[in-house]
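Engineer: Compact mmCIF, C-alpha atoms, saved as coords-v4.txt, coming up:
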# COMPACT_ATOMS: atom_id res chain seq x y z
CA MET A 182 24.21 -10.44 11.68
CA ASN A 183 23.74 -14.19 12.13
CA ASN A 184 21.05 -16.11 10.30
CA ARG A 185 18.72 -16.28 13.28
CA ARG A 186 18.76 -12.53 13.82
CA MET A 187 18.32 -11.86 10.11
CA PHE A 188 15.38 -14.26 10.01
CA MET A 189 13.72 -12.53 12.96
CA PHE A 190 14.36 -9.10 11.43
CA GLU A 191 12.70 -10.10 8.14
CA ILE A 192 9.67 -11.44 10.01
CA ILE A 193 9.35 -8.22 12.03
CA ARG A 194 9.88 -6.09 8.95
CA GLY A 195 7.25 -8.01 7.00
CA ALA A 196 4.75 -7.83 9.86
CA ALA A 197 5.37 -4.08 10.17
CA ALA A 198 4.79 -3.56 6.43
CA ILE A 199 1.52 -5.51 6.59
CA LEU A 200 0.41 -3.59 9.68
CA VAL A 201 1.10 -0.24 8.02
CA ALA A 202 -0.81 -1.39 4.92
CA LEU A 203 -3.82 -2.38 7.02
CA ILE A 204 -3.72 0.95 8.86
CA VAL A 205 -3.71 2.79 5.52
CA ALA A 206 -6.66 0.65 4.38
CA MET A 207 -8.53 1.47 7.60
CA VAL A 208 -7.98 5.18 7.04
CA PHE A 209 -9.48 4.92 3.54
CA ILE A 210 -12.39 2.86 4.86
CA PHE A 211 -13.20 5.43 7.56
CA ILE A 212 -13.08 8.18 4.94
CA CYS A 213 -15.30 6.58 2.29
CA SER A 214 -17.66 4.35 4.27
CA ASP A 215 -20.76 5.26 6.26
CA LYS A 216 -20.35 2.05 8.29
CA PRO A 217 -16.56 1.68 8.70
CA PHE A 218 -16.65 -0.83 11.56
CA GLU A 219 -19.01 -3.13 9.68
CA ALA A 220 -16.76 -2.84 6.61
CA LEU A 221 -13.71 -3.76 8.70
CA ARG A 222 -15.57 -6.75 10.10
CA TYR A 223 -16.31 -8.03 6.61
CA MET A 224 -12.71 -7.47 5.51
CA LEU A 225 -10.89 -8.93 8.52
CA VAL A 226 -13.28 -11.39 10.19
CA ALA A 227 -15.99 -12.50 7.75
CA PRO A 228 -13.65 -14.56 5.49
CA LEU A 229 -13.15 -16.92 8.42
CA ILE A 230 -16.19 -16.56 10.68
CA THR A 231 -19.81 -16.33 9.60
CA ASN A 232 -22.74 -16.09 12.04
CA GLY A 233 -20.44 -16.70 14.98
CA SER A 234 -18.88 -19.91 13.66
CA ILE A 235 -16.06 -20.87 11.35
CA SER A 236 -17.25 -21.10 7.73
CA MET A 237 -15.64 -24.08 6.03
CA ASN A 238 -16.99 -23.08 2.62
CA SER A 239 -15.26 -19.72 2.94
CA ILE A 240 -12.01 -21.44 3.92
CA TYR A 241 -12.28 -23.74 0.90
CA THR A 242 -12.79 -20.68 -1.29
CA ILE A 243 -9.65 -19.06 0.12
CA LEU A 244 -7.59 -22.23 -0.36
CA ALA A 245 -8.86 -22.60 -3.92
CA ALA A 246 -7.87 -19.01 -4.69
CA MET A 247 -4.39 -19.76 -3.32
CA THR A 248 -3.64 -22.46 -5.88
CA PRO A 249 -2.68 -20.39 -8.96
CA ILE A 250 -0.84 -17.71 -6.98
CA ILE A 251 1.26 -20.34 -5.21
CA PHE A 252 2.52 -21.40 -8.64
CA THR A 253 3.11 -17.86 -9.86
CA GLY A 254 4.70 -16.95 -6.52
CA LEU A 255 7.10 -19.88 -6.89
CA ALA A 256 7.84 -18.83 -10.48
CA VAL A 257 8.66 -15.27 -9.46
CA CYS A 258 10.66 -16.57 -6.51
CA VAL A 259 12.96 -18.58 -8.80
CA MET A 260 13.37 -15.79 -11.35
CA PHE A 261 13.89 -13.02 -8.81
CA SER A 262 16.40 -15.17 -6.91
CA SER A 263 18.66 -14.97 -9.96
CA ASN A 264 18.10 -11.18 -10.07
CA GLN A 265 16.01 -11.54 -13.23
CA PHE A 266 12.93 -9.30 -13.11
CA ASN A 267 10.91 -11.32 -15.56
CA LEU A 268 7.23 -10.30 -15.51
CA GLY A 269 5.99 -12.88 -18.02
CA GLY A 270 4.18 -15.03 -15.47
CA GLU A 271 0.90 -13.23 -16.10
CA GLY A 272 0.83 -14.11 -19.79
CA CYS A 273 2.02 -17.64 -19.07
CA VAL A 274 -0.95 -18.23 -16.75
CA MET A 275 -3.33 -17.32 -19.57
CA LEU A 276 -1.41 -19.30 -22.18
CA GLY A 277 -1.09 -22.30 -19.85
CA GLY A 278 -4.82 -22.32 -19.23
CA PHE A 279 -5.60 -21.99 -22.96
CA VAL A 280 -3.21 -24.75 -24.07
CA ALA A 281 -4.41 -27.08 -21.31
CA ALA A 282 -8.00 -26.41 -22.38
CA LEU A 283 -7.25 -27.28 -26.01
CA VAL A 284 -5.47 -30.47 -25.01
CA GLY A 285 -8.35 -31.37 -22.72
CA ILE A 286 -10.85 -30.86 -25.56
CA TYR A 287 -9.14 -32.27 -28.63
CA TRP A 288 -6.66 -34.85 -27.31
CA SER A 289 -8.35 -37.28 -24.98
CA THR A 290 -7.15 -40.76 -24.03
CA GLY A 291 -10.33 -41.47 -22.11
CA THR A 292 -8.39 -41.81 -18.86
CA TYR A 293 -7.29 -39.40 -16.15
CA LEU A 294 -3.91 -39.40 -17.83
CA ASP A 295 -5.49 -36.53 -19.80
CA ILE A 296 -4.91 -34.23 -16.81
CA VAL A 297 -1.19 -35.02 -16.67
CA ILE A 298 -0.77 -34.62 -20.43
CA ALA A 299 -2.68 -31.33 -20.56
CA VAL A 300 -0.80 -29.80 -17.62
CA LEU A 301 2.62 -30.89 -18.85
CA VAL A 302 2.03 -29.72 -22.42
CA ALA A 303 0.78 -26.35 -21.17
CA SER A 304 3.73 -25.98 -18.80
CA ALA A 305 6.22 -26.89 -21.53
CA ALA A 306 4.63 -24.35 -23.90
CA CYS A 307 5.02 -21.59 -21.32
CA ALA A 308 8.59 -22.61 -20.55
CA ALA A 309 9.34 -22.27 -24.27
CA VAL A 310 7.71 -18.81 -24.34
CA LEU A 311 9.81 -17.46 -21.46
CA TYR A 312 12.89 -18.91 -23.12
CA ILE A 313 12.60 -16.01 -25.58
CA PRO A 314 13.17 -13.07 -23.18
CA ALA A 315 15.83 -15.13 -21.40
CA VAL A 316 17.81 -15.63 -24.61
CA LEU A 317 17.32 -11.99 -25.57
CA LYS A 318 18.79 -11.01 -22.20
CA VAL A 319 21.79 -13.34 -22.42
CA LYS A 320 22.63 -12.92 -26.12
CA LEU A 321 21.62 -9.31 -26.80
CA GLY A 322 21.54 -7.73 -23.36
CA ALA A 323 17.85 -6.83 -23.75
CA SER A 324 15.95 -6.02 -20.56
CA GLU A 325 14.01 -9.11 -19.55
CA MET A 326 11.55 -6.90 -17.65
CA VAL A 327 10.55 -4.95 -20.76
CA SER A 328 10.50 -7.90 -23.17
CA SER A 329 8.53 -10.15 -20.81
CA LEU A 330 6.06 -7.37 -19.96
CA MET A 331 5.35 -6.79 -23.66
CA MET A 332 5.10 -10.54 -24.23
CA ASN A 333 2.17 -10.72 -21.82
CA TYR A 334 0.04 -8.67 -24.21
CA ILE A 335 1.30 -10.52 -27.26
CA ILE A 336 0.18 -13.74 -25.60
CA MET A 337 -3.17 -12.28 -24.62
CA TYR A 338 -4.05 -11.08 -28.13
CA VAL A 339 -2.84 -14.28 -29.77
CA VAL A 340 -4.97 -16.34 -27.38
CA LEU A 341 -7.98 -14.09 -27.98
CA HIS A 342 -7.54 -14.38 -31.74
CA PHE A 343 -7.62 -18.17 -31.67
CA LEU A 344 -10.36 -18.22 -29.06
CA ASN A 345 -12.58 -15.93 -31.13
CA HIS A 346 -11.92 -17.20 -34.63
CA VAL A 347 -10.75 -20.81 -34.41
CA PHE A 348 -11.79 -22.63 -31.24
CA ALA A 349 -14.98 -20.83 -30.16
CA ASP A 350 -18.14 -22.81 -29.52
CA GLY A 351 -20.63 -21.02 -31.75
CA SER A 352 -23.61 -22.48 -29.91
CA LYS A 353 -22.89 -20.48 -26.78
CA GLY A 354 -24.07 -16.97 -26.06
CA SER A 355 -20.56 -15.84 -25.14
CA VAL A 356 -17.12 -16.54 -26.57
CA GLN A 357 -15.71 -19.71 -25.04
CA THR A 358 -14.30 -23.06 -26.08
CA PHE A 359 -16.11 -26.37 -26.20
CA PRO A 360 -16.31 -28.20 -22.84
CA PHE A 361 -13.31 -30.18 -21.64
CA ALA A 362 -13.40 -33.96 -21.64
CA ALA A 363 -14.57 -35.30 -18.29
CA THR A 364 -11.24 -37.08 -17.82
CA ALA A 365 -9.36 -33.80 -18.28
CA LYS A 366 -11.07 -32.06 -15.35
CA ILE A 367 -9.14 -31.98 -12.09
CA PRO A 368 -11.37 -33.56 -9.40
CA GLN A 369 -12.59 -31.70 -6.35
CA LEU A 370 -10.67 -32.22 -3.16
CA VAL A 371 -13.78 -31.56 -1.06
CA ALA A 372 -17.20 -32.71 -2.21
CA GLY A 373 -20.27 -30.50 -2.19
CA GLY A 374 -19.64 -27.96 -4.92
CA SER A 375 -16.40 -26.58 -3.54
CA LYS A 376 -13.91 -25.06 -5.98
CA LEU A 377 -11.03 -26.58 -4.00
CA THR A 378 -9.41 -29.25 -6.17
CA TRP A 379 -6.46 -31.61 -5.99
CA GLY A 380 -4.50 -28.83 -7.64
CA PHE A 381 -4.06 -27.29 -4.18
CA LEU A 382 -2.12 -30.33 -2.97
CA ILE A 383 -0.09 -30.31 -6.19
CA ALA A 384 0.80 -26.67 -5.46
CA LEU A 385 2.01 -27.61 -1.97
CA LEU A 386 4.02 -30.48 -3.45
CA PHE A 387 5.73 -28.15 -5.90
CA THR A 388 6.46 -25.74 -3.06
CA LEU A 389 8.48 -28.50 -1.42
CA LEU A 390 10.15 -29.48 -4.71
CA VAL A 391 11.15 -25.89 -5.52
CA ALA A 392 12.52 -25.41 -1.99
CA LEU A 393 14.62 -28.58 -2.33
CA PHE A 394 15.79 -27.45 -5.76
CA MET A 395 16.76 -23.96 -4.57
CA TYR A 396 18.51 -25.00 -1.35
CA ARG A 397 19.68 -28.57 -1.86
CA MET A 398 20.71 -28.79 -5.52
CA ARG A 399 23.65 -27.37 -7.44
CA TRP A 400 21.54 -25.54 -10.03
CA GLY A 401 19.48 -23.92 -7.31
CA TYR A 402 22.63 -22.78 -5.55
CA SER A 403 23.88 -21.32 -8.84
CA ILE A 404 20.63 -19.39 -9.29
CA ARG A 405 20.89 -17.87 -5.82
CA MET A 406 24.60 -17.11 -6.19
CA ILE A 407 24.01 -15.24 -9.45
CA GLY A 408 21.30 -13.23 -7.74
CA ILE A 409 23.66 -12.30 -4.90
CA ASN A 410 26.72 -11.47 -7.00
CA GLU A 411 26.69 -12.18 -10.72
CA ASN A 412 30.31 -11.09 -11.26
CA PHE A 413 31.58 -13.38 -8.51
CA ALA A 414 29.55 -16.27 -9.97
CA LYS A 415 31.07 -15.60 -13.38
CA TYR A 416 34.64 -15.49 -12.08
CA SER A 417 34.09 -18.65 -10.05
CA GLY A 418 33.36 -20.56 -13.25
CA MET A 419 29.57 -20.75 -13.22
CA LYS A 420 27.78 -20.75 -16.56
CA VAL A 421 25.92 -17.54 -15.83
CA GLY A 422 24.06 -17.32 -19.14
CA ALA A 423 22.78 -20.88 -18.91
CA VAL A 424 21.63 -20.40 -15.32
CA ILE A 425 19.82 -17.15 -16.18
CA ILE A 426 17.99 -18.93 -18.98
CA LEU A 427 17.22 -21.89 -16.70
CA SER A 428 15.68 -19.68 -14.00
CA GLN A 429 13.32 -18.00 -16.45
CA VAL A 430 12.38 -21.25 -18.17
CA ILE A 431 11.51 -22.75 -14.78
CA GLY A 432 9.46 -19.65 -14.03
CA GLY A 433 7.51 -20.09 -17.26
CA PHE A 434 6.97 -23.78 -16.53
CA LEU A 435 5.56 -23.10 -13.05
CA SER A 436 3.35 -20.20 -14.21
CA GLY A 437 1.94 -22.29 -17.04
CA MET A 438 1.24 -25.13 -14.64
CA GLY A 439 -0.65 -22.75 -12.37
CA GLY A 440 -2.81 -21.55 -15.26
CA ALA A 441 -3.47 -25.08 -16.49
CA ILE A 442 -4.50 -26.37 -13.06
CA GLU A 443 -6.67 -23.31 -12.45
CA VAL A 444 -8.58 -23.70 -15.73
CA LEU A 445 -8.97 -27.49 -15.61
CA GLY A 446 -9.96 -27.41 -11.95
CA ARG A 447 -12.38 -24.49 -11.71
CA TYR A 448 -13.96 -24.16 -15.17
CA GLU A 449 -15.88 -26.27 -17.66
CA THR A 450 -14.61 -24.32 -20.71
CA PHE A 451 -11.92 -21.75 -21.38
CA LEU A 452 -13.54 -18.29 -21.30
CA TRP A 453 -10.89 -15.84 -20.11
CA ARG A 454 -11.14 -12.63 -22.11
CA ASP A 455 -8.34 -10.80 -20.34
CA LEU A 456 -5.18 -11.46 -18.35
CA PRO A 457 -6.38 -13.14 -15.13
CA GLY A 458 -4.16 -11.21 -12.72
CA HIS A 459 -2.59 -14.23 -11.01
CA GLY A 460 0.86 -13.38 -12.33
CA TRP A 461 0.80 -9.86 -10.90
CA THR A 462 -0.42 -11.21 -7.57
CA GLY A 463 2.39 -13.77 -7.64
CA ILE A 464 4.90 -10.90 -7.58
CA THR A 465 3.38 -9.60 -4.34
CA VAL A 466 3.37 -13.12 -2.91
CA ALA A 467 7.05 -13.64 -3.73
CA ILE A 468 7.97 -10.27 -2.21
CA LEU A 469 6.03 -11.11 0.97
CA ALA A 470 7.83 -14.46 1.15
CA LYS A 471 11.25 -12.78 0.60
CA ASN A 472 11.89 -15.14 -2.32
CA ASN A 473 11.80 -18.14 0.02
CA PRO A 474 9.69 -20.96 -1.51
CA ILE A 475 8.70 -22.36 1.89
CA PHE A 476 6.89 -19.14 2.81
CA ILE A 477 5.05 -18.83 -0.51
CA PRO A 478 1.88 -20.69 0.69
CA VAL A 479 1.74 -18.50 3.82
CA ALA A 480 1.97 -15.32 1.74
CA ALA A 481 -0.56 -16.71 -0.75
CA PHE A 482 -2.98 -17.44 2.10
CA PHE A 483 -2.65 -13.86 3.38
CA ILE A 484 -3.34 -12.35 -0.05
CA SER A 485 -6.23 -14.75 -0.75
CA TYR A 486 -7.72 -13.98 2.66
CA LEU A 487 -7.54 -10.24 1.94
CA ASN A 488 -9.09 -10.73 -1.50
CA ARG A 489 -11.94 -12.69 0.01
CA GLY A 490 -12.45 -10.08 2.74
CA CYS A 491 -12.43 -7.19 0.28
CA THR A 492 -14.90 -9.01 -1.97
CA LEU A 493 -17.30 -9.51 0.97
CA MET A 494 -16.79 -5.91 2.03
CA ALA A 495 -17.60 -4.63 -1.47
CA THR A 496 -20.67 -6.90 -1.66
CA TYR A 497 -22.28 -5.99 1.66
CA CYS A 498 -20.85 -2.52 2.35
CA ASP A 499 -20.13 0.69 0.49
CA VAL A 500 -16.37 0.14 0.07
CA PRO A 501 -14.96 -0.83 -3.37
CA SER A 502 -13.17 -4.18 -3.73
CA GLU A 503 -10.11 -2.36 -5.12
CA MET A 504 -9.12 -1.80 -1.50
CA VAL A 505 -7.00 -4.95 -1.74
CA ASP A 506 -4.97 -3.27 -4.51
CA ILE A 507 -4.21 -0.39 -2.15
CA ILE A 508 -3.09 -2.82 0.55
CA GLN A 509 -0.87 -4.75 -1.87
CA ALA A 510 0.64 -1.51 -3.19
CA VAL A 511 1.54 -0.29 0.30
CA ILE A 512 3.04 -3.67 1.22
CA PHE A 513 5.06 -3.62 -1.98
CA LEU A 514 6.22 -0.06 -1.25
CA PHE A 515 7.49 -0.84 2.25
CA PHE A 516 9.11 -4.12 1.27
CA ALA A 517 10.94 -2.38 -1.57
CA ALA A 518 12.09 0.48 0.71
CA GLU A 519 15.58 -0.50 1.84
CA LYS A 520 15.56 2.18 4.57
CA PHE A 521 12.39 0.82 6.19
CA LEU A 522 13.43 -0.21 9.76
CA ALA A 523 17.09 0.28 8.77
CA LYS A 524 17.96 1.68 12.21
CA TYR A 525 16.46 -1.34 13.92
CA ARG A 526 18.47 -3.58 11.60
CA GLN A 527 21.62 -1.68 12.49
CA LYS A 528 20.94 -2.22 16.19
CA LEU A 529 20.60 -5.95 15.57
CA VAL A 530 23.88 -5.96 13.65
CA VAL A 531 25.69 -4.20 16.52
CA ALA A 532 24.11 -6.45 19.14
CA GLY A 533 25.08 -9.53 17.13
CA ALA A 534 28.66 -8.33 16.75
CA LYS A 535 28.95 -7.65 20.50
CA GLU A 536 27.55 -11.09 21.27
CA GLU A 537 30.04 -12.81 18.97
CA ILE A 538 32.96 -10.87 20.48
CA ALA A 539 31.82 -11.79 23.99
CA GLN A 540 31.57 -15.46 23.04
CA LYS A 541 35.02 -15.48 21.48
CA THR A 542 36.51 -13.69 24.50
CA ALA A 543 34.88 -16.17 26.88
CA SER A 544 36.14 -19.15 24.87
CA THR A 545 39.75 -17.90 24.70
CA PRO A 546 41.85 -19.82 27.28
CA LYS A 547 43.64 -17.68 29.83
CA ALA A 548 47.41 -18.05 30.22
CA GLU A 549 48.65 -19.71 33.42
CA GLY A 550 50.06 -17.46 36.12
CA GLY A 551 48.51 -14.38 34.52
CA GLU A 552 51.11 -14.41 31.75
CA ALA A 553 50.08 -13.67 28.20
Output the file's structure as structure tokens, nothing else.

Structural biologist:
Amino acid sequence: MNNRRMFMFEIIRGAAAILVALIVAMVFIFICSDKPFEALRYMLVAPLITNGSISMNSIYTILAAMTPIIFTGLAVCVMFSSNQFNLGGEGCVMLGGFVAALVGIYWSTGTYLDIVIAVLVASAACAAVLYIPAVLKVKLGASEMVSSLMMNYIIMYVVLHFLNHVFADGSKGSVQTFPFAATAKIPQLVAGGSKLTWGFLIALLFTLLVALFMYRMRWGYSIRMIGINENFAKYSGMKVGAVIILSQVIGGFLSGMGGAIEVLGRYETFLWRDLPGHGWTGITVAILAKNNPIFIPVAAFFISYLNRGCTLMATYCDVPSEMVDIIQAVIFLFFAAEKFLAKYRQKLVVAGAKEEIAQKTASTPKAEGGEA
């Protein structure tokens, strides 16, 4: 199957998985809601249109919610492309936000250079953390999925310990840090109280940078080659261990950056008491995007739109907001099912082969006089 046909198949397959997920959600809504059509309106239409007109504030809210999951989606995209199922992005988001908060509170230059320093320090800290499961995988053969999953909770409890007992602002009624320096806060992109910050544009910039890295640079090619066939990459002379470590370190760096930008852009203090969930959502985003960095913002927009719709539906109707979890689970299920639309894929393969044979036959010059 040529690249064009494969591309079209993946789009159709993804659209079919999303459609099935929405149908399943509709079935649940009709079962549990007394006003199913109103609930569907809030879920599918209200995030974009309010009182008959497009709501810009709602759009800003959706775009703001996209920012951290673009970063975690990119992180998962890089790690999964090397066939490394590292799940440490969730913990790195929390750690990145916490480290950035501390830098923004206790290390201020009095200029907006504070933002750059805080984000880079937080990202580097998370890259160092995900270096651990990467080395365990390369040196000891330990499962990176298990070690990174456990590391999420180690990170969470370490952060909570220091938040509760070392860096808490005792004057507040709840456990949180002192406020960030004004120069450490990421400015709003749209004035008027919107949560949309310049971090959104930074996320789009890193989408482009990751795409260039993955498809235009040698290290990115090595990451993708190892994901396709690790044994072939090894026999061709690639430094497989180093590339595996690199992919997971980059994933930690991007996840930490997402957490840092989220905390410095949308909060005044650090007050997360649990894992924020952006890392888990990033896995769904990367799966929707088929590990292609360019499609990460599109997938992130879809998930953020659904989250917004389910929140409105839970607020104004009798349907729980966990409906988005059902939708994500069904999408994940159908994307992971290799046999989903396999017959249609086979038809495309056969049609492509016939087309190539016909083209080659037509381009073969005929012998003069009918002689072979």

Engineer: Would you mind telling me which residue in A:Gly354, A:Pro314, A:Gly446, A:Gly322 lies nearest to A:Gly269 when using only C-alpha atoms?

Structural biologist: A:Pro314

Engineer: Could I get the residues of stretch 338-400 of chain A with an atom no further than 12 Å from an atom of stretch 236-257 of chain A, each paired with its nearest atom pair and that distance in Å to one decimal, using only C-alpha atoms, sorted by chain and residue number, as JSON lines?

Structural biologist:
{"residue": "A:Gln369", "atom": "CA", "partner": "A:Ala245", "partner_atom": "CA", "distance": 10.1}
{"residue": "A:Leu370", "atom": "CA", "partner": "A:Tyr241", "partner_atom": "CA", "distance": 9.5}
{"residue": "A:Val371", "atom": "CA", "partner": "A:Tyr241", "partner_atom": "CA", "distance": 8.2}
{"residue": "A:Ala372", "atom": "CA", "partner": "A:Tyr241", "partner_atom": "CA", "distance": 10.7}
{"residue": "A:Gly373", "atom": "CA", "partner": "A:Asn238", "partner_atom": "CA", "distance": 9.4}
{"residue": "A:Gly374", "atom": "CA", "partner": "A:Asn238", "partner_atom": "CA", "distance": 9.4}
{"residue": "A:Ser375", "atom": "CA", "partner": "A:Tyr241", "partner_atom": "CA", "distance": 6.7}
{"residue": "A:Lys376", "atom": "CA", "partner": "A:Ala245", "partner_atom": "CA", "distance": 6.0}
{"residue": "A:Leu377", "atom": "CA", "partner": "A:Ala245", "partner_atom": "CA", "distance": 4.5}
{"residue": "A:Thr378", "atom": "CA", "partner": "A:Ala245", "partner_atom": "CA", "distance": 7.0}
{"residue": "A:Trp379", "atom": "CA", "partner": "A:Ala245", "partner_atom": "CA", "distance": 9.6}
{"residue": "A:Gly380", "atom": "CA", "partner": "A:Thr248", "partner_atom": "CA", "distance": 6.7}
{"residue": "A:Phe381", "atom": "CA", "partner": "A:Thr248", "partner_atom": "CA", "distance": 5.1}
{"residue": "A:Leu382", "atom": "CA", "partner": "A:Thr248", "partner_atom": "CA", "distance": 8.5}
{"residue": "A:Ile383", "atom": "CA", "partner": "A:Thr248", "partner_atom": "CA", "distance": 8.6}
{"residue": "A:Ala384", "atom": "CA", "partner": "A:Thr248", "partner_atom": "CA", "distance": 6.1}
{"residue": "A:Leu385", "atom": "CA", "partner": "A:Ile251", "partner_atom": "CA", "distance": 8.0}
{"residue": "A:Leu386", "atom": "CA", "partner": "A:Phe252", "partner_atom": "CA", "distance": 10.6}
{"residue": "A:Phe387", "atom": "CA", "partner": "A:Phe252", "partner_atom": "CA", "distance": 8.0}
{"residue": "A:Thr388", "atom": "CA", "partner": "A:Leu255", "partner_atom": "CA", "distance": 7.0}
{"residue": "A:Leu389", "atom": "CA", "partner": "A:Leu255", "partner_atom": "CA", "distance": 10.3}
{"residue": "A:Leu390", "atom": "CA", "partner": "A:Leu255", "partner_atom": "CA", "distance": 10.3}
{"residue": "A:Val391", "atom": "CA", "partner": "A:Leu255", "partner_atom": "CA", "distance": 7.4}
{"residue": "A:Ala392", "atom": "CA", "partner": "A:Leu255", "partner_atom": "CA", "distance": 9.2}
{"residue": "A:Phe394", "atom": "CA", "partner": "A:Leu255", "partner_atom": "CA", "distance": 11.6}
{"residue": "A:Met395", "atom": "CA", "partner": "A:Leu255", "partner_atom": "CA", "distance": 10.7}

Engineer: In Å, how far is it from atom CA of A:Leu294 to atom CA of A:Leu276?

Structural biologist: 20.7 Å

Engineer: What separation in Å, quoted to one decimal, exists between atom CA of A:Gly439 and atom CA of A:Val274?

Structural biologist: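 For atom CA of A:Gly439 relative to atom CA of A:Val274, the distance reads 6.3 Å.
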
Engineer: (-2.2, -6.5, -1.9) in this file's frame - what residues fall within 9 Å of it? Use all atoms listed in the file and give the answer as a list in words.

Structural biologist: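 Output: Ala202, Thr462, Thr465, Val466, Ile484, Leu487, Asn488, Met504, Val505, Asp506, Ile507, Ile508, Gln509, Ala510, Val511, Ile512 and Phe513 of chain A.
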
Engineer: For a quick check of your reading of the model, name the residues lying within 9 Å of the coordinate (16.3, -19.8, -17.5), counting only C-alpha atoms, and write them as a PDB file with C-alpha atoms, in the frame of the given file.

Structural biologist:
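To be explicit, this is the file written out as result_12.pdb:
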ATOM      1  CA  MET A 260      13.370 -15.790 -11.350  1.00  0.00           C
ATOM      2  CA  ALA A 308       8.590 -22.610 -20.550  1.00  0.00           C
ATOM      3  CA  LEU A 311       9.810 -17.460 -21.460  1.00  0.00           C
ATOM      4  CA  TYR A 312      12.890 -18.910 -23.120  1.00  0.00           C
ATOM      5  CA  ALA A 315      15.830 -15.130 -21.400  1.00  0.00           C
ATOM      6  CA  VAL A 316      17.810 -15.630 -24.610  1.00  0.00           C
ATOM      7  CA  GLY A 422      24.060 -17.320 -19.140  1.00  0.00           C
ATOM      8  CA  ALA A 423      22.780 -20.880 -18.910  1.00  0.00           C
ATOM      9  CA  VAL A 424      21.630 -20.400 -15.320  1.00  0.00           C
ATOM     10  CA  ILE A 425      19.820 -17.150 -16.180  1.00  0.00           C
ATOM     11  CA  ILE A 426      17.990 -18.930 -18.980  1.00  0.00           C
ATOM     12  CA  LEU A 427      17.220 -21.890 -16.700  1.00  0.00           C
ATOM     13  CA  SER A 428      15.680 -19.680 -14.000  1.00  0.00           C
ATOM     14  CA  GLN A 429      13.320 -18.000 -16.450  1.00  0.00           C
ATOM     15  CA  VAL A 430      12.380 -21.250 -18.170  1.00  0.00           C
ATOM     16  CA  ILE A 431      11.510 -22.750 -14.780  1.00  0.00           C
ATOM     17  CA  GLY A 432       9.460 -19.650 -14.030  1.00  0.00           C
ATOM     18  CA  GLY A 433       7.510 -20.090 -17.260  1.00  0.00           C
TER      19      GLY A 433
END

Engineer: Which residue, A:Leu330, A:Ala220, A:Val444, A:Ile404, has the smallest gap to A:Asn264 when you use only C-alpha atoms?

Structural biologist: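 Checking each of A:Leu330, A:Ala220, A:Val444, A:Ile404 against A:Asn264, counting only C-alpha atoms, the winner is A:Ile404.
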
Engineer: Find the distance between atom CA of A:Phe266 and atom CA of A:Ser324 and write it in Å to one decimal.

Structural biologist: 8.7 Å
